[in-house]
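Heads up, target-v4.cif below (mmCIF, C-alpha atoms):
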data_entry
#
loop_
_atom_site.group_PDB
_atom_site.id
_atom_site.type_symbol
_atom_site.label_atom_id
_atom_site.label_comp_id
_atom_site.auth_asym_id
_atom_site.auth_seq_id
_atom_site.Cartn_x
_atom_site.Cartn_y
_atom_site.Cartn_z
ATOM 1 C CA MET B 9 -13.966 -24.111 -6.419
ATOM 2 C CA THR B 10 -15.663 -21.278 -8.278
ATOM 3 C CA ALA B 11 -14.743 -19.751 -11.619
ATOM 4 C CA GLY B 12 -13.276 -16.779 -9.771
ATOM 5 C CA HIS B 13 -10.951 -19.039 -7.809
ATOM 6 C CA ARG B 14 -9.819 -20.811 -10.982
ATOM 7 C CA TRP B 15 -9.126 -17.489 -12.690
ATOM 8 C CA ALA B 16 -7.262 -16.306 -9.590
ATOM 9 C CA ILE B 17 -4.998 -19.357 -9.585
ATOM 10 C CA ALA B 18 -4.322 -19.046 -13.315
ATOM 11 C CA THR B 19 -3.522 -15.334 -13.014
ATOM 12 C CA ALA B 20 -1.273 -15.866 -9.992
ATOM 13 C CA LEU B 21 0.634 -18.637 -11.778
ATOM 14 C CA MET B 22 1.090 -16.538 -14.918
ATOM 15 C CA ALA B 23 2.234 -13.465 -12.994
ATOM 16 C CA THR B 24 4.586 -15.404 -10.716
ATOM 17 C CA GLY B 25 5.976 -17.336 -13.669
ATOM 18 C CA ALA B 26 6.614 -14.102 -15.581
ATOM 19 C CA ILE B 27 8.472 -12.593 -12.630
ATOM 20 C CA MET B 28 10.556 -15.743 -12.136
ATOM 21 C CA TRP B 29 11.359 -15.820 -15.851
ATOM 22 C CA GLY B 30 12.450 -12.206 -15.632
ATOM 23 C CA VAL B 31 14.708 -13.015 -12.666
ATOM 24 C CA ALA B 32 16.328 -15.861 -14.604
ATOM 25 C CA ASP B 33 16.666 -13.839 -17.802
ATOM 26 C CA PRO B 34 16.869 -10.060 -17.142
ATOM 27 C CA GLY B 35 16.829 -9.323 -20.857
ATOM 28 C CA VAL B 36 13.251 -10.458 -21.464
ATOM 29 C CA SER B 37 10.800 -8.154 -23.219
ATOM 30 C CA ALA B 38 8.284 -5.699 -21.777
ATOM 31 C CA PRO B 39 5.176 -7.888 -22.347
ATOM 32 C CA LEU B 40 6.501 -10.304 -19.731
ATOM 33 C CA MET B 41 6.807 -7.386 -17.323
ATOM 34 C CA ILE B 42 3.136 -6.497 -17.888
ATOM 35 C CA ILE B 43 2.094 -10.085 -17.138
ATOM 36 C CA GLY B 44 4.122 -10.007 -13.925
ATOM 37 C CA ALA B 45 2.357 -6.789 -12.920
ATOM 38 C CA LEU B 46 -1.023 -8.574 -12.906
ATOM 39 C CA LEU B 47 -0.507 -10.312 -9.556
ATOM 40 C CA PRO B 48 -2.906 -7.953 -7.672
ATOM 41 C CA ALA B 49 -5.644 -9.013 -10.095
ATOM 42 C CA ALA B 50 -5.328 -12.541 -8.714
ATOM 43 C CA ILE B 51 -6.178 -11.203 -5.247
ATOM 44 C CA ALA B 52 -9.329 -9.494 -6.547
ATOM 45 C CA LEU B 53 -10.372 -12.607 -8.460
ATOM 46 C CA ALA B 54 -9.894 -14.768 -5.365
ATOM 47 C CA VAL B 55 -12.086 -12.425 -3.297
ATOM 48 C CA TRP B 56 -14.715 -12.349 -6.065
ATOM 49 C CA GLY B 57 -14.645 -16.151 -6.184
ATOM 50 C CA SER B 58 -15.500 -16.185 -2.475
ATOM 51 C CA VAL B 59 -17.945 -13.264 -2.319
ATOM 52 C CA GLY B 60 -19.679 -13.862 -5.657
ATOM 53 C CA GLY B 61 -22.026 -11.448 -7.378
ATOM 54 C CA ARG B 62 -21.503 -9.208 -10.366
ATOM 55 C CA VAL B 63 -18.124 -9.286 -12.101
ATOM 56 C CA PRO B 64 -16.304 -6.236 -10.677
ATOM 57 C CA GLY B 65 -14.735 -5.211 -13.970
ATOM 58 C CA ALA B 66 -16.132 -1.660 -13.882
ATOM 59 C CA ALA B 67 -14.799 -1.152 -10.350
ATOM 60 C CA ALA B 68 -11.354 -2.424 -11.359
ATOM 61 C CA MET B 69 -11.302 0.010 -14.282
ATOM 62 C CA GLY B 70 -12.527 2.777 -11.990
ATOM 63 C CA GLY B 71 -9.674 2.165 -9.579
ATOM 64 C CA ALA B 72 -7.136 1.960 -12.395
ATOM 65 C CA VAL B 73 -8.306 5.094 -14.239
ATOM 66 C CA VAL B 74 -9.951 7.361 -11.641
ATOM 67 C CA GLY B 75 -7.575 6.329 -8.887
ATOM 68 C CA ALA B 76 -4.530 6.961 -11.073
ATOM 69 C CA LEU B 77 -5.832 10.332 -12.285
ATOM 70 C CA VAL B 78 -6.610 11.511 -8.748
ATOM 71 C CA ALA B 79 -3.200 10.311 -7.547
ATOM 72 C CA VAL B 80 -1.324 12.096 -10.339
ATOM 73 C CA ALA B 81 -3.322 15.321 -9.890
ATOM 74 C CA SER B 82 -2.917 15.329 -6.108
ATOM 75 C CA HIS B 83 0.808 14.653 -6.258
ATOM 76 C CA ALA B 84 1.198 17.472 -8.781
ATOM 77 C CA LEU B 85 -0.635 19.839 -6.423
ATOM 78 C CA VAL B 86 1.526 18.743 -3.506
ATOM 79 C CA LEU B 87 4.693 19.331 -5.529
ATOM 80 C CA ALA B 88 3.492 22.813 -6.455
ATOM 81 C CA PHE B 89 2.614 23.567 -2.831
ATOM 82 C CA ALA B 90 5.940 22.174 -1.666
ATOM 83 C CA TYR B 91 7.881 24.301 -4.120
ATOM 84 C CA VAL B 92 6.278 27.416 -2.653
ATOM 85 C CA PHE B 93 6.012 26.560 1.043
ATOM 86 C CA PHE B 94 7.499 23.220 2.091
ATOM 87 C CA LEU B 95 11.084 23.178 0.836
ATOM 88 C CA GLY B 96 12.197 26.093 3.020
ATOM 89 C CA PHE B 97 10.646 24.389 6.045
ATOM 90 C CA ALA B 98 12.355 21.112 5.108
ATOM 91 C CA GLU B 99 15.745 22.848 4.978
ATOM 92 C CA ARG B 100 15.152 24.173 8.493
ATOM 93 C CA ALA B 101 14.148 20.675 9.613
ATOM 94 C CA VAL B 102 17.547 19.367 8.529
ATOM 95 C CA ASP B 103 19.176 22.181 10.521
ATOM 96 C CA VAL B 104 17.156 21.112 13.555
ATOM 97 C CA LEU B 105 18.384 17.515 13.155
ATOM 98 C CA ASP B 106 21.953 18.817 13.187
ATOM 99 C CA ALA B 107 21.278 21.048 16.185
ATOM 100 C CA ILE B 108 19.910 18.249 18.353
ATOM 101 C CA LYS B 109 22.846 16.030 17.317
ATOM 102 C CA VAL B 110 20.859 13.320 15.567
ATOM 103 C CA ASP B 111 23.102 10.656 14.024
ATOM 104 C CA PRO B 112 25.019 12.307 11.143
ATOM 105 C CA GLN B 113 24.105 9.445 8.828
ATOM 106 C CA ILE B 114 20.448 10.435 9.139
ATOM 107 C CA THR B 115 21.183 14.023 8.202
ATOM 108 C CA ASP B 116 23.310 12.778 5.303
ATOM 109 C CA ILE B 117 20.315 10.867 3.959
ATOM 110 C CA LEU B 118 17.825 13.632 4.720
ATOM 111 C CA ASN B 119 20.143 16.421 3.608
ATOM 112 C CA SER B 120 17.983 17.192 0.584
ATOM 113 C CA PRO B 121 14.581 18.781 1.336
ATOM 114 C CA TRP B 122 13.268 16.844 -1.653
ATOM 115 C CA THR B 123 13.988 13.637 0.258
ATOM 116 C CA LEU B 124 11.813 14.861 3.125
ATOM 117 C CA LEU B 125 9.122 15.802 0.623
ATOM 118 C CA VAL B 126 9.126 12.303 -0.868
ATOM 119 C CA MET B 127 8.789 10.815 2.613
ATOM 120 C CA VAL B 128 5.801 13.046 3.433
ATOM 121 C CA GLU B 129 4.286 12.161 0.062
ATOM 122 C CA LEU B 130 4.583 8.427 0.672
ATOM 123 C CA VAL B 131 3.492 8.337 4.310
ATOM 124 C CA VAL B 132 0.778 11.025 4.409
ATOM 125 C CA VAL B 133 -0.312 12.277 0.993
ATOM 126 C CA ALA B 134 -0.363 9.004 -0.937
ATOM 127 C CA PRO B 135 -2.572 7.039 1.499
ATOM 128 C CA LEU B 136 -5.109 9.869 1.755
ATOM 129 C CA THR B 137 -5.353 10.834 -1.913
ATOM 130 C CA GLU B 138 -4.963 7.395 -3.436
ATOM 131 C CA GLU B 139 -7.590 5.841 -1.181
ATOM 132 C CA PHE B 140 -9.965 8.678 -2.047
ATOM 133 C CA GLY B 141 -9.363 8.153 -5.790
ATOM 134 C CA LYS B 142 -9.686 4.384 -5.622
ATOM 135 C CA GLY B 143 -12.755 4.636 -3.402
ATOM 136 C CA LEU B 144 -14.322 7.042 -5.883
ATOM 137 C CA GLY B 145 -13.633 4.579 -8.692
ATOM 138 C CA ALA B 146 -15.381 1.853 -6.687
ATOM 139 C CA ARG B 147 -18.348 4.136 -5.969
ATOM 140 C CA LEU B 148 -18.781 4.888 -9.679
ATOM 141 C CA ALA B 149 -19.555 1.180 -10.185
ATOM 142 C CA ASN B 150 -22.732 1.732 -8.075
ATOM 143 C CA PRO B 151 -22.518 -0.998 -5.422
ATOM 144 C CA ALA B 152 -25.959 -2.034 -4.228
ATOM 145 C CA SER B 153 -24.998 -3.806 -0.995
ATOM 146 C CA ARG B 154 -22.294 -4.116 1.638
ATOM 147 C CA ARG B 155 -20.978 -7.181 -0.139
ATOM 148 C CA GLN B 156 -20.736 -5.365 -3.462
ATOM 149 C CA ALA B 157 -19.209 -2.295 -1.849
ATOM 150 C CA PHE B 158 -16.410 -4.356 -0.328
ATOM 151 C CA MET B 159 -15.891 -6.391 -3.500
ATOM 152 C CA PHE B 160 -15.807 -3.299 -5.706
ATOM 153 C CA GLY B 161 -13.333 -1.662 -3.343
ATOM 154 C CA VAL B 162 -11.034 -4.689 -3.505
ATOM 155 C CA ALA B 163 -11.291 -4.697 -7.310
ATOM 156 C CA ALA B 164 -10.597 -0.953 -7.506
ATOM 157 C CA GLY B 165 -7.541 -1.366 -5.277
ATOM 158 C CA ALA B 166 -6.284 -4.236 -7.419
ATOM 159 C CA GLY B 167 -6.816 -2.280 -10.637
ATOM 160 C CA PHE B 168 -4.864 0.649 -9.241
ATOM 161 C CA ALA B 169 -2.075 -1.659 -8.018
ATOM 162 C CA VAL B 170 -1.709 -3.214 -11.492
ATOM 163 C CA ILE B 171 -1.307 0.229 -13.096
ATOM 164 C CA GLU B 172 1.136 1.242 -10.373
ATOM 165 C CA ASN B 173 3.128 -1.959 -10.908
ATOM 166 C CA ILE B 174 3.387 -1.297 -14.637
ATOM 167 C CA LEU B 175 4.417 2.336 -14.156
ATOM 168 C CA TYR B 176 7.010 1.579 -11.484
ATOM 169 C CA ALA B 177 8.441 -1.422 -13.340
ATOM 170 C CA SER B 178 8.596 0.579 -16.573
ATOM 171 C CA GLY B 179 10.402 3.374 -14.763
ATOM 172 C CA ALA B 180 12.919 0.924 -13.326
ATOM 173 C CA ALA B 181 13.541 -0.576 -16.773
ATOM 174 C CA TRP B 182 13.888 2.903 -18.291
ATOM 175 C CA PHE B 183 16.660 3.768 -15.828
ATOM 176 C CA GLY B 184 18.415 0.466 -16.403
ATOM 177 C CA GLU B 185 17.314 -1.158 -13.151
ATOM 178 C CA PRO B 186 15.890 -4.719 -13.010
ATOM 179 C CA TRP B 187 12.100 -4.487 -13.172
ATOM 180 C CA THR B 188 11.870 -7.956 -11.640
ATOM 181 C CA ALA B 189 13.357 -6.748 -8.335
ATOM 182 C CA LEU B 190 10.697 -4.061 -8.097
ATOM 183 C CA LEU B 191 7.857 -6.474 -8.847
ATOM 184 C CA VAL B 192 9.192 -8.994 -6.323
ATOM 185 C CA GLY B 193 9.164 -6.306 -3.641
ATOM 186 C CA ARG B 194 5.673 -5.152 -4.558
ATOM 187 C CA ALA B 195 4.436 -8.742 -4.684
ATOM 188 C CA LEU B 196 5.105 -9.012 -0.946
ATOM 189 C CA GLY B 197 2.497 -6.297 -0.332
ATOM 190 C CA VAL B 198 0.155 -7.459 -3.065
ATOM 191 C CA ALA B 199 -2.930 -7.303 -0.806
ATOM 192 C CA VAL B 200 -2.310 -3.825 0.657
ATOM 193 C CA HIS B 201 -4.185 -1.850 -2.012
ATOM 194 C CA PRO B 202 -7.111 -4.325 -2.284
ATOM 195 C CA LEU B 203 -7.621 -4.487 1.491
ATOM 196 C CA ALA B 204 -7.220 -0.742 2.038
ATOM 197 C CA THR B 205 -9.701 0.225 -0.665
ATOM 198 C CA GLY B 206 -12.082 -2.570 0.305
ATOM 199 C CA LEU B 207 -12.290 -1.098 3.801
ATOM 200 C CA VAL B 208 -12.626 2.462 2.485
ATOM 201 C CA ALA B 209 -15.346 1.528 -0.024
ATOM 202 C CA LEU B 210 -17.268 -0.430 2.625
ATOM 203 C CA GLY B 211 -17.091 2.476 5.059
ATOM 204 C CA TRP B 212 -18.109 4.934 2.345
ATOM 205 C CA TRP B 213 -21.106 2.785 1.375
ATOM 206 C CA GLN B 214 -22.255 2.456 4.994
ATOM 207 C CA TRP B 215 -21.927 6.201 5.509
ATOM 208 C CA ARG B 216 -23.887 7.012 2.337
ATOM 209 C CA ASN B 217 -26.618 4.474 3.076
ATOM 210 C CA ASP B 218 -26.696 4.774 6.852
ATOM 211 C CA ALA B 219 -26.590 0.987 7.031
ATOM 212 C CA GLY B 220 -24.373 -1.759 8.373
ATOM 213 C CA PRO B 221 -22.602 -2.369 11.677
ATOM 214 C CA GLY B 222 -19.644 -0.490 13.033
ATOM 215 C CA SER B 223 -18.480 3.034 12.424
ATOM 216 C CA PRO B 224 -18.019 4.021 8.762
ATOM 217 C CA ILE B 225 -15.276 6.418 9.839
ATOM 218 C CA ARG B 226 -13.477 3.567 11.575
ATOM 219 C CA LEU B 227 -13.509 1.520 8.382
ATOM 220 C CA ILE B 228 -12.217 4.414 6.288
ATOM 221 C CA VAL B 229 -9.494 5.249 8.803
ATOM 222 C CA ALA B 230 -8.509 1.572 8.931
ATOM 223 C CA GLY B 231 -8.133 1.446 5.150
ATOM 224 C CA VAL B 232 -6.034 4.599 5.006
ATOM 225 C CA GLY B 233 -4.099 3.439 8.069
ATOM 226 C CA VAL B 234 -3.090 0.109 6.534
ATOM 227 C CA HIS B 235 -1.794 1.936 3.467
ATOM 228 C CA ALA B 236 0.075 4.490 5.597
ATOM 229 C CA MET B 237 1.598 1.827 7.859
ATOM 230 C CA TRP B 238 2.897 -0.103 4.853
ATOM 231 C CA ASN B 239 4.403 2.989 3.209
ATOM 232 C CA GLY B 240 5.775 4.389 6.454
ATOM 233 C CA SER B 241 7.418 1.149 7.497
ATOM 234 C CA LEU B 242 9.135 0.758 4.150
ATOM 235 C CA VAL B 243 10.328 4.369 4.287
ATOM 236 C CA ALA B 244 11.917 3.715 7.692
ATOM 237 C CA LEU B 245 13.587 0.563 6.417
ATOM 238 C CA SER B 246 14.788 2.384 3.305
ATOM 239 C CA VAL B 247 16.433 5.064 5.449
ATOM 240 C CA ALA B 248 18.219 2.355 7.450
ATOM 241 C CA ASP B 249 19.239 0.559 4.282
ATOM 242 C CA GLY B 250 20.607 3.803 2.869
ATOM 243 C CA ALA B 251 22.663 4.337 5.998
ATOM 244 C CA TYR B 252 24.173 0.874 5.728
ATOM 245 C CA GLN B 253 25.092 1.569 2.123
ATOM 246 C CA LEU B 254 26.666 4.908 3.074
ATOM 247 C CA SER B 255 28.708 3.385 5.855
ATOM 248 C CA GLU B 256 29.443 0.195 3.922
ATOM 249 C CA THR B 257 29.172 -1.762 7.154
ATOM 250 C CA SER B 258 26.535 -4.335 6.298
ATOM 251 C CA ALA B 259 23.774 -5.248 3.896
ATOM 252 C CA ALA B 260 21.671 -6.738 6.686
ATOM 253 C CA ALA B 261 19.024 -4.005 6.429
ATOM 254 C CA SER B 262 18.055 -5.218 2.964
ATOM 255 C CA ALA B 263 17.435 -8.715 4.296
ATOM 256 C CA VAL B 264 15.467 -7.321 7.243
ATOM 257 C CA ALA B 265 13.377 -5.160 4.901
ATOM 258 C CA LEU B 266 12.593 -8.160 2.701
ATOM 259 C CA ALA B 267 11.659 -10.380 5.642
ATOM 260 C CA TYR B 268 9.592 -7.636 7.272
ATOM 261 C CA SER B 269 7.730 -6.926 4.030
ATOM 262 C CA ALA B 270 6.923 -10.624 3.681
ATOM 263 C CA VAL B 271 5.561 -10.886 7.235
ATOM 264 C CA PHE B 272 3.573 -7.660 6.991
ATOM 265 C CA GLY B 273 2.216 -8.708 3.589
ATOM 266 C CA ALA B 274 1.144 -12.078 4.982
ATOM 267 C CA ALA B 275 -0.681 -10.340 7.848
ATOM 268 C CA VAL B 276 -2.517 -8.113 5.355
ATOM 269 C CA ILE B 277 -3.533 -11.140 3.283
ATOM 270 C CA ALA B 278 -4.889 -12.810 6.434
ATOM 271 C CA TRP B 279 -6.826 -9.646 7.300
ATOM 272 C CA LEU B 280 -8.242 -9.443 3.789
ATOM 273 C CA TRP B 281 -9.322 -13.073 3.948
ATOM 274 C CA ARG B 282 -11.026 -12.510 7.302
ATOM 275 C CA MET B 283 -12.883 -9.520 5.887
ATOM 276 C CA THR B 284 -13.912 -11.593 2.868
ATOM 277 C CA VAL B 285 -15.330 -14.361 5.066
ATOM 278 C CA THR B 286 -17.122 -11.815 7.235
ATOM 279 C CA VAL B 287 -18.734 -9.991 4.303
ATOM 280 C CA ARG B 288 -19.618 -13.210 2.471
ATOM 281 C CA SER B 289 -21.371 -14.692 5.505
ATOM 282 C CA GLY B 290 -23.372 -11.532 6.129
ATOM 283 C CA ASP B 291 -21.955 -11.401 9.646
ATOM 284 C CA GLU B 292 -23.010 -8.125 11.220
ATOM 285 C CA THR B 293 -19.668 -7.755 12.988
ATOM 286 C CA VAL B 294 -16.743 -6.303 11.096
ATOM 287 C CA LEU B 295 -14.167 -7.984 13.285
ATOM 288 C CA PRO B 296 -10.885 -6.636 11.904
ATOM 289 C CA THR B 297 -11.796 -3.027 12.702
ATOM 290 C CA ASP B 298 -13.970 -3.506 15.784
ATOM 291 C CA LEU B 299 -11.950 -2.536 18.868
ATOM 292 C CA THR B 300 -14.707 -3.825 21.137
ATOM 293 C CA THR B 301 -13.832 -7.454 20.284
ATOM 294 C CA SER B 302 -10.755 -9.483 21.156
ATOM 295 C CA ARG B 303 -10.120 -10.306 17.488
ATOM 296 C CA GLY B 304 -10.335 -6.685 16.483
ATOM 297 C CA VAL B 305 -7.916 -5.616 19.191
ATOM 298 C CA GLY B 306 -5.617 -8.497 18.268
ATOM 299 C CA SER B 307 -5.552 -7.472 14.611
ATOM 300 C CA TRP B 308 -4.485 -3.935 15.445
ATOM 301 C CA LEU B 309 -1.955 -5.123 18.025
ATOM 302 C CA ILE B 310 -0.298 -7.360 15.440
ATOM 303 C CA LEU B 311 -0.060 -4.561 12.896
ATOM 304 C CA GLY B 312 1.063 -2.099 15.545
ATOM 305 C CA ALA B 313 3.740 -4.477 16.801
ATOM 306 C CA ALA B 314 4.923 -4.946 13.224
ATOM 307 C CA VAL B 315 5.771 -1.244 13.059
ATOM 308 C CA LEU B 316 8.296 -1.819 15.871
ATOM 309 C CA VAL B 317 10.471 -3.789 13.438
ATOM 310 C CA PRO B 318 11.505 -0.813 11.262
ATOM 311 C CA VAL B 319 11.815 1.313 14.412
ATOM 312 C CA ALA B 320 14.207 -1.264 15.892
ATOM 313 C CA VAL B 321 16.188 -1.344 12.656
ATOM 314 C CA LEU B 322 16.533 2.445 12.758
ATOM 315 C CA VAL B 323 17.766 2.334 16.361
ATOM 316 C CA LEU B 324 20.294 -0.400 15.550
ATOM 317 C CA THR B 325 21.422 1.466 12.440
ATOM 318 C CA PHE B 326 21.711 4.807 14.239
ATOM 319 C CA PRO B 327 22.820 4.003 17.825
ATOM 320 C CA THR B 328 23.092 7.730 18.606
ATOM 321 C CA ILE B 329 19.566 8.471 17.377
ATOM 322 C CA PHE B 330 18.608 9.601 20.875
#
Would you write the structure of this file as structure tokens?
Amino acid sequence: MTAGHRWAIATALMATGAIMWGVADPGVSAPLMIIGALLPAAIALAVWGSVGGRVPGAAAMGGAVVGALVAVASHALVLAFAYVFFLGFAERAVDVLDAIKVDPQITDILNSPWTLLVMVELVVVAPLTEEFGKGLGARLANPASRRQAFMFGVAAGAGFAVIENILYASGAAWFGEPWTALLVGRALGVAVHPLATGLVALGWWQWRNDAGPGSPIRLIVAGVGVHAMWNGSLVALSVADGAYQLSETSAAASAVALAYSAVFGAAVIAWLWRMTVTVRSGDETVLPTDLTTSRGVGSWLILGAAVLVPVAVLVLTFPTIF
């Protein structure tokens, strides 16, 4: 066991313990919330313990600072664009849903054009802009090899995820909501940001250096795609959950969302581990994104099949959706 692995275990135990303490005692102070937000750092430390090399502190800071700044700036631009162009279109989209007789509960949830804007932000804008910002933060750390590029990308993704955890948990606490519930939900997808940015940074490095196996574009698209699939699936489940709450028929969607998030998160962790083993060994085959291999096809089939879960929940929630 390397020093990185020991630090990863210690960080994971501290973060998990802080979250559990917060669940048991909702009145605990903010410092405990910050400790609970550090769980993504344990993922980066575990990967560093396996890959080795230079401590990726600069990359983690790059992801936290540059990634956050790019995300904030891009979201601000999207909001400005939406105010001028999108909101009128979104209002017409709701009218179209009514015209084609989509389940009224859907139109109740999507009645506000701002709701549609948030959905577009989460599913399309966030994966594209955030992965660019985090990837830029990893690039600023000057990786000198494929191994460093992947490691720095993972660290940048983890740094960004920690900042995002703190901001989201702080916002929940500010509005009187339990910050522990938010961190528990985000803990299920703890490896999404590290894996996504690791793939993007690796693809970016191969494109810049014209080196390494596989298509750099494929790696970048895979990283953005994982992020988009995670966000999109949770949006679909949230819509279903909102419909259940409106109709007061069942709270089953919340349980389904939790179970789905856990399974999807476990699949992402397995994918990240496979990438780590591949990069560490110097294997010239990037299996998880290579559609010419059975393992590569299997990885995408598993993730693609996972998306059917929120789709099925939507159909069960809205039986007249068609």
Would you translate the PyMOL selection byres ((chain B and resi 49) around 10) into the concrete set of residues it matches in this file, as a VMD selection string? chain B and resid 15 to 16 19 to 20 23 45 to 48 50 to 55 68 162 to 170 198 to 199 202
Could you state the separation of CA of Thr286 in chain B and CA of Pro224 in chain B in Å, given to one decimal place? 15.9 Å
For CA of Pro39 in chain B and CA of His235 in chain B, quote the distance in Å rounded to one decimal. 28.5 Å
Distance in Å - CA of Val128 in chain B versus CA of Gly240 in chain B: 9.2 Å
List, as a VMD selection string, every residue that the PyMOL selection byres ((chain B and resi 175) around 12) selects in the file provided. chain B and resid 38 41 to 42 45 72 76 80 168 to 174 176 to 182 187 190 to 191
Taking the file as shown, what set of residues would the PyMOL selection byres ((chain B and resi 273) around 12) give back, as a PyMOL selection string? chain B and resi 193-203+234-235+237-239+241-242+265-272+274-280+311+314
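With distances taken over all atoms listed in the file, B:Gly30 is the one residue among B:Gly30, B:Asn150, B:Pro135, B:Leu21 lying closest to Pro186 in chain B.
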Counting all atoms listed in the file, write as an MDAnalysis selection string all protein and nucleic acid residues lying at most 10 Å from (-1.6, 7.1, -6.7) in the file's frame. chainID B and resid 71:72 74:83 130 133:142 168:169 171:172
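When all atoms listed in the file are used to compute distances to Asn217 in chain B, the closest of the residues B:Gly60, B:Gly233, B:Gly161, B:Pro151 turns out to be B:Pro151.
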Of the candidates B:Gly44, B:Gly12, B:Gly57, B:Gly35, which shows the shortest atom-to-atom distance to Val285 in chain B, using all atoms listed in the file?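 Once distances to Val285 in chain B are computed over all atoms listed in the file, the minimum belongs to B:Gly57.
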